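Student: Mind looking over this structure? Questions follow.
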Amino acid sequence: MLSQAFPRLAARASARVSPLQNLGKARFSSTHAAPSQSIFASRTAVAGSTAIAAGSIAWYSHLYGVPSLLPEASANSAAENGMHPTSYPFEHYGPFETFNHQAIRRGYQVYREVCASCHSLNRIAWRNLVGVSHTVDEVKAMAEEVEYEDGPNDEGEMFQRPGKLADYFPAPYPNEEAARAGNGGGLPPDLSLIVKARHGAADYIYSLLTGYCDPPAGVKLAEGMNYNPYFPGGGIAMARVLYDGLVEYDDGTPATTSQMAKDVTTFLNWAAEPEHDQRKKMGLQALMILTSLFAISVYVKRFKWSYIKTRKIVYDPPKPARHGPL
Ligand code: HEC
């Protein structure tokens, strides 16, 4: 009856526990939360997470095929995929390394004297070489050796003029058909982005240029094809082009096949990523700034939290009533 009339009072009375019991709890109440039920004890949680995991794997496989950790059957043989290139220690590979600019300069010479007769480098202008591999005057002189069509002039006619810094590298062929006709049907690709466009990047280009050999027994090549195990399929329309002593470097470096391949690969890597040196420099600066900011924020956080972390909370339980419970 009483509890019906005074529900609050009744609740308070029944909630009252012995002060000793209370003390035991109160001591730790600021640091220990009530023990919660483990997530693994809940069947719904376990069944739910299993369903989510299985569902995501199924969805991934539906979109992209078999997950990469499982073996996959392939219709291609290893030869059809091309041999995996060796990983070479190019000077610019480290996280803090820039390009070897002497190699870019020599590589330009190899490109100009050997590759440029078949391959264009459409995205590179003469001005891009300035300060990278050559001086302004050197580049101006090189550009002026090439004739470019310009115009129209006052009479409305196109005319030829020597190249300027702003002109792009001249292409060896006027169009794709001419390029194919000059190479037995094979199209020499533009080399501007070739390092980025091929799996294996610089390692692949170097391996390709130095990897020509006789076809192994049983391999039949189509007419006019050359064998190179690094090229997918093995038969490539480009013949071996680099031979010891093919070019004469101004800095006296011996022009071995591997030296020329390394230099031209470094040059092509620069052509594909001219921002490379700047990018790594900025990355390092960003790392240093962010590290300092992180250190400062850790300090400030500890400073601001210090009095919260070091305070002590003591619970002073109410004294038992002198005449016992009401
Ligand atoms: C005589 C012409 C010729 C010369 C010189 C030449 N190439 Fe090629 N190159 C080709 C042709 C043709 C192809 C296309 C091959 C194919 O698709 O089978 C090709 C393809 C390539 C490829 C692409 C391979 C791929 O994975 O698709 C690269 C890279 C390459 N050449 C680099 C060079 C470099 C570097 C030089 C100079 C050292 C050079 N080439 C000199 C004709 C030439």
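Chain labels run A, B, ... following the order of the structure tokens; each chain numbers its residues from 1, and ligands are numbered from 1 in the order shown.
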Based on DSSP run over this structure's backbone, return all residues of range 107-137 of chain A in helix (DSSP H, G or I), as an MDAnalysis selection string.
Tutor: chainID A and resid 107:113 115:117 126:129 136:137
Student: Quick one: residues within 6 Å of ligand 1, with only C-alpha atoms and all ligand atoms, as number ranges by chain?
Tutor: A: 111, 114-115, 117-118, 183, 186-189, 205, 231, 236-238, 241
Student: Please produce a file of those selected residues containing N, CA and C atoms, as a short mmCIF file (atom, residue, chain, number, x, y, z; two decimals), in the first residue's frame.
Tutor:
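Output (result_32.cif):
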data_model
loop_
_atom_site.label_atom_id
_atom_site.label_comp_id
_atom_site.auth_asym_id
_atom_site.auth_seq_id
_atom_site.Cartn_x
_atom_site.Cartn_y
_atom_site.Cartn_z
N TYR A 111 68.70 8.86 -76.75
CA TYR A 111 67.38 8.98 -77.36
C TYR A 111 67.50 9.69 -78.71
N VAL A 114 69.67 7.49 -81.26
CA VAL A 114 69.23 6.12 -81.59
C VAL A 114 67.70 6.03 -81.71
N CYS A 115 66.99 6.31 -80.62
CA CYS A 115 65.55 6.01 -80.58
C CYS A 115 64.72 6.99 -81.40
N SER A 117 64.83 8.12 -84.22
CA SER A 117 64.54 7.85 -85.62
C SER A 117 63.25 7.05 -85.78
N CYS A 118 62.78 6.43 -84.70
CA CYS A 118 61.52 5.68 -84.78
C CYS A 118 60.47 6.17 -83.78
N ASN A 183 58.07 0.40 -90.22
CA ASN A 183 58.54 -0.58 -89.25
C ASN A 183 57.90 -1.94 -89.44
N GLY A 186 54.73 -2.75 -87.33
CA GLY A 186 54.76 -2.47 -85.88
C GLY A 186 54.73 -0.96 -85.65
N LEU A 187 54.00 -0.55 -84.60
CA LEU A 187 53.92 0.88 -84.31
C LEU A 187 54.86 1.22 -83.16
N PRO A 188 55.91 2.03 -83.40
CA PRO A 188 56.76 2.42 -82.28
C PRO A 188 55.99 3.39 -81.39
N PRO A 189 55.68 3.03 -80.15
CA PRO A 189 54.85 3.92 -79.32
C PRO A 189 55.58 5.20 -78.94
N ILE A 205 61.90 -1.34 -68.96
CA ILE A 205 62.51 -0.73 -70.14
C ILE A 205 63.97 -1.16 -70.25
N PHE A 231 59.31 -9.01 -73.40
CA PHE A 231 58.15 -8.48 -74.11
C PHE A 231 57.04 -9.53 -74.07
N ILE A 236 58.87 -9.31 -80.73
CA ILE A 236 58.71 -7.86 -80.76
C ILE A 236 59.19 -7.31 -82.11
N ALA A 237 58.45 -6.30 -82.59
CA ALA A 237 58.76 -5.75 -83.92
C ALA A 237 60.03 -4.89 -83.89
N MET A 238 60.45 -4.45 -82.71
CA MET A 238 61.67 -3.65 -82.62
C MET A 238 62.87 -4.59 -82.46
N VAL A 241 68.61 -2.51 -80.58
CA VAL A 241 69.16 -1.27 -81.13
C VAL A 241 70.45 -0.84 -80.46
#
Student: Can you work out which one of A:Arg123, A:Glu155, A:Asp203, A:Phe267 has the shortest atom-to-atom distance to Asp167 in chain A, counting only C-alpha atoms?
Tutor: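 Checking each of A:Arg123, A:Glu155, A:Asp203, A:Phe267 against Asp167 in chain A, counting only C-alpha atoms, the winner is A:Arg123.
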Student: Quick one: residues within 12 Å of Asp137 in chain A, only C-alpha atoms, excluding same-chain residues fewer than 4 positions away - as a short mmCIF file (atom, residue, chain, number, x, y, z; two decimals) with N, CA and C atoms, in the first residue's frame?
Tutor:
data_model
loop_
_atom_site.label_atom_id
_atom_site.label_comp_id
_atom_site.auth_asym_id
_atom_site.auth_seq_id
_atom_site.Cartn_x
_atom_site.Cartn_y
_atom_site.Cartn_z
N TRP A 126 61.49 21.56 -75.83
CA TRP A 126 62.92 21.86 -75.63
C TRP A 126 63.15 22.53 -74.29
N ARG A 127 62.22 23.44 -73.93
CA ARG A 127 62.41 24.18 -72.68
C ARG A 127 62.47 23.28 -71.45
N LEU A 129 64.18 20.71 -71.03
CA LEU A 129 65.54 20.24 -70.76
C LEU A 129 66.37 21.27 -70.00
N VAL A 130 65.93 22.55 -70.08
CA VAL A 130 66.72 23.62 -69.49
C VAL A 130 66.81 23.45 -67.98
N GLY A 131 68.03 23.45 -67.47
CA GLY A 131 68.21 23.32 -66.03
C GLY A 131 68.09 21.89 -65.54
N SER A 133 69.10 18.95 -67.80
CA SER A 133 70.24 18.22 -68.35
C SER A 133 71.15 19.14 -69.15
N ALA A 141 70.53 26.09 -79.01
CA ALA A 141 71.30 25.66 -80.18
C ALA A 141 70.73 24.35 -80.74
N MET A 142 70.35 23.43 -79.84
CA MET A 142 69.80 22.14 -80.31
C MET A 142 68.46 22.35 -81.01
N ALA A 143 67.63 23.26 -80.42
CA ALA A 143 66.31 23.50 -81.02
C ALA A 143 66.45 24.14 -82.40
N GLU A 144 67.43 25.03 -82.53
CA GLU A 144 67.57 25.74 -83.80
C GLU A 144 67.99 24.83 -84.94
N LYS A 164 62.37 26.86 -81.50
CA LYS A 164 62.54 27.73 -80.33
C LYS A 164 62.38 26.87 -79.08
N LEU A 165 62.68 27.48 -77.95
CA LEU A 165 62.58 26.72 -76.68
C LEU A 165 61.17 26.18 -76.45
#
Student: For Arg161 in chain A, list every protein, DNA or RNA residue within 7 Å, evaluated using only C-alpha atoms, and leave out those in the same chain fewer than 3 positions away; present the list as a compact mmCIF listing (two decimals) with N, CA and C atoms, in the first residue's frame.
Tutor:
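And here is the file that came out, around_14.txt:
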# COMPACT_ATOMS: atom_id res chain seq x y z
N GLU A 147 63.96 22.30 -88.10
CA GLU A 147 63.07 23.24 -88.81
C GLU A 147 61.62 22.95 -88.41
N TYR A 148 60.88 23.98 -88.05
CA TYR A 148 59.46 23.81 -87.71
C TYR A 148 58.62 24.60 -88.70
N GLU A 149 57.44 24.09 -88.98
CA GLU A 149 56.54 24.84 -89.84
C GLU A 149 55.78 25.85 -88.99
N ASP A 150 55.69 27.09 -89.47
CA ASP A 150 54.99 28.12 -88.73
C ASP A 150 54.17 28.93 -89.73
Student: I'd like the contact shell of Val195 in chain A - 10 Å cut-off, only C-alpha atoms, skipping same-chain residues fewer than 6 positions apart - returned as an NGL selection string.
Tutor: :A and (201-205 or 265-273)
Student: With N, CA and C atoms retained, write the just-selected residues as a PDB file, in the first residue's frame.
Tutor:
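The resulting file, selection_39.pdb, is shown below:
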ATOM      1  N   ALA A 201      57.931  -0.613 -64.920  1.00  0.00           N
ATOM      2  CA  ALA A 201      58.491   0.727 -65.136  1.00  0.00           C
ATOM      3  C   ALA A 201      59.924   0.698 -65.663  1.00  0.00           C
ATOM      4  N   ALA A 202      60.842   1.429 -65.010  1.00  0.00           N
ATOM      5  CA  ALA A 202      62.204   1.562 -65.520  1.00  0.00           C
ATOM      6  C   ALA A 202      62.895   0.202 -65.626  1.00  0.00           C
ATOM      7  N   ASP A 203      62.630  -0.691 -64.665  1.00  0.00           N
ATOM      8  CA  ASP A 203      63.247  -2.020 -64.714  1.00  0.00           C
ATOM      9  C   ASP A 203      62.858  -2.751 -65.998  1.00  0.00           C
ATOM     10  N   TYR A 204      61.585  -2.590 -66.403  1.00  0.00           N
ATOM     11  CA  TYR A 204      61.118  -3.258 -67.624  1.00  0.00           C
ATOM     12  C   TYR A 204      61.813  -2.691 -68.857  1.00  0.00           C
ATOM     13  N   ILE A 205      61.898  -1.341 -68.960  1.00  0.00           N
ATOM     14  CA  ILE A 205      62.505  -0.734 -70.142  1.00  0.00           C
ATOM     15  C   ILE A 205      63.972  -1.164 -70.251  1.00  0.00           C
ATOM     16  N   THR A 265      66.990   4.875 -70.111  1.00  0.00           N
ATOM     17  CA  THR A 265      65.867   4.564 -69.222  1.00  0.00           C
ATOM     18  C   THR A 265      65.683   5.669 -68.187  1.00  0.00           C
ATOM     19  N   THR A 266      66.791   6.166 -67.640  1.00  0.00           N
ATOM     20  CA  THR A 266      66.693   7.280 -66.684  1.00  0.00           C
ATOM     21  C   THR A 266      66.098   8.500 -67.365  1.00  0.00           C
ATOM     22  N   PHE A 267      66.540   8.754 -68.601  1.00  0.00           N
ATOM     23  CA  PHE A 267      65.988   9.889 -69.361  1.00  0.00           C
ATOM     24  C   PHE A 267      64.484   9.726 -69.572  1.00  0.00           C
ATOM     25  N   LEU A 268      64.060   8.519 -69.951  1.00  0.00           N
ATOM     26  CA  LEU A 268      62.626   8.303 -70.194  1.00  0.00           C
ATOM     27  C   LEU A 268      61.834   8.362 -68.897  1.00  0.00           C
ATOM     28  N   ASN A 269      62.469   7.932 -67.799  1.00  0.00           N
ATOM     29  CA  ASN A 269      61.790   8.034 -66.500  1.00  0.00           C
ATOM     30  C   ASN A 269      61.578   9.511 -66.141  1.00  0.00           C
ATOM     31  N   TRP A 270      62.597  10.333 -66.440  1.00  0.00           N
ATOM     32  CA  TRP A 270      62.438  11.774 -66.203  1.00  0.00           C
ATOM     33  C   TRP A 270      61.325  12.334 -67.090  1.00  0.00           C
ATOM     34  N   ALA A 271      61.301  11.899 -68.368  1.00  0.00           N
ATOM     35  CA  ALA A 271      60.285  12.418 -69.288  1.00  0.00           C
ATOM     36  C   ALA A 271      58.875  12.084 -68.794  1.00  0.00           C
ATOM     37  N   ALA A 272      58.730  10.901 -68.183  1.00  0.00           N
ATOM     38  CA  ALA A 272      57.407  10.508 -67.700  1.00  0.00           C
ATOM     39  C   ALA A 272      57.055  11.176 -66.381  1.00  0.00           C
ATOM     40  N   GLU A 273      58.081  11.539 -65.604  1.00  0.00           N
ATOM     41  CA  GLU A 273      57.830  12.142 -64.286  1.00  0.00           C
ATOM     42  C   GLU A 273      58.741  13.341 -64.082  1.00  0.00           C
TER      43      GLU A 273
END
Student: Can you work out the spacing between CA of Ser87 in chain A and CA of Gly234 in chain A in Å, to one decimal?
Tutor: 19.7 Å
Student: So that I can check the secondary structure, give me every residue of range 198-311 of chain A assigned strand (DSSP E) by backbone DSSP, as a PyMOL selection string.
Tutor: chain A and resi 226-227+235-236
Student: Keeping only C-alpha atoms, write the selected residues as a PDB file, in the first residue's frame.
Tutor:
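File written: part_17.pdb
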ATOM      1  CA  ASN A 226      62.716 -10.428 -82.891  1.00  0.00           C
ATOM      2  CA  TYR A 227      62.850 -12.509 -79.731  1.00  0.00           C
ATOM      3  CA  GLY A 235      58.088 -11.609 -80.424  1.00  0.00           C
ATOM      4  CA  ILE A 236      58.714  -7.860 -80.756  1.00  0.00           C
TER       5      ILE A 236
END
Student: Between A:Ala295, A:Leu63, A:Ile104, A:Ala166, which one has atoms that come closest to Ala261 in chain A, using only C-alpha atoms?
Tutor: A:Ile104
Student: Measuring between only C-alpha atoms, which one of A:Gln259, A:Ala239, A:Asn175, A:Asp250 shows the shortest distance to Met225 in chain A?
Tutor: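 Looking only at the distances to Met225 in chain A, the closest residue turns out to be A:Ala239.
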Student: Please compute the CA of Asp190 in chain A-CA of Asn122 in chain A distance, one decimal, in Å.
Tutor: 6.8 Å
Student: Return the single residue from A:Gly252, A:Gly107, A:Pro318, A:Gly224 that is closest to Gly185 in chain A, with distances computed using only C-alpha atoms.
Tutor: A:Gly224
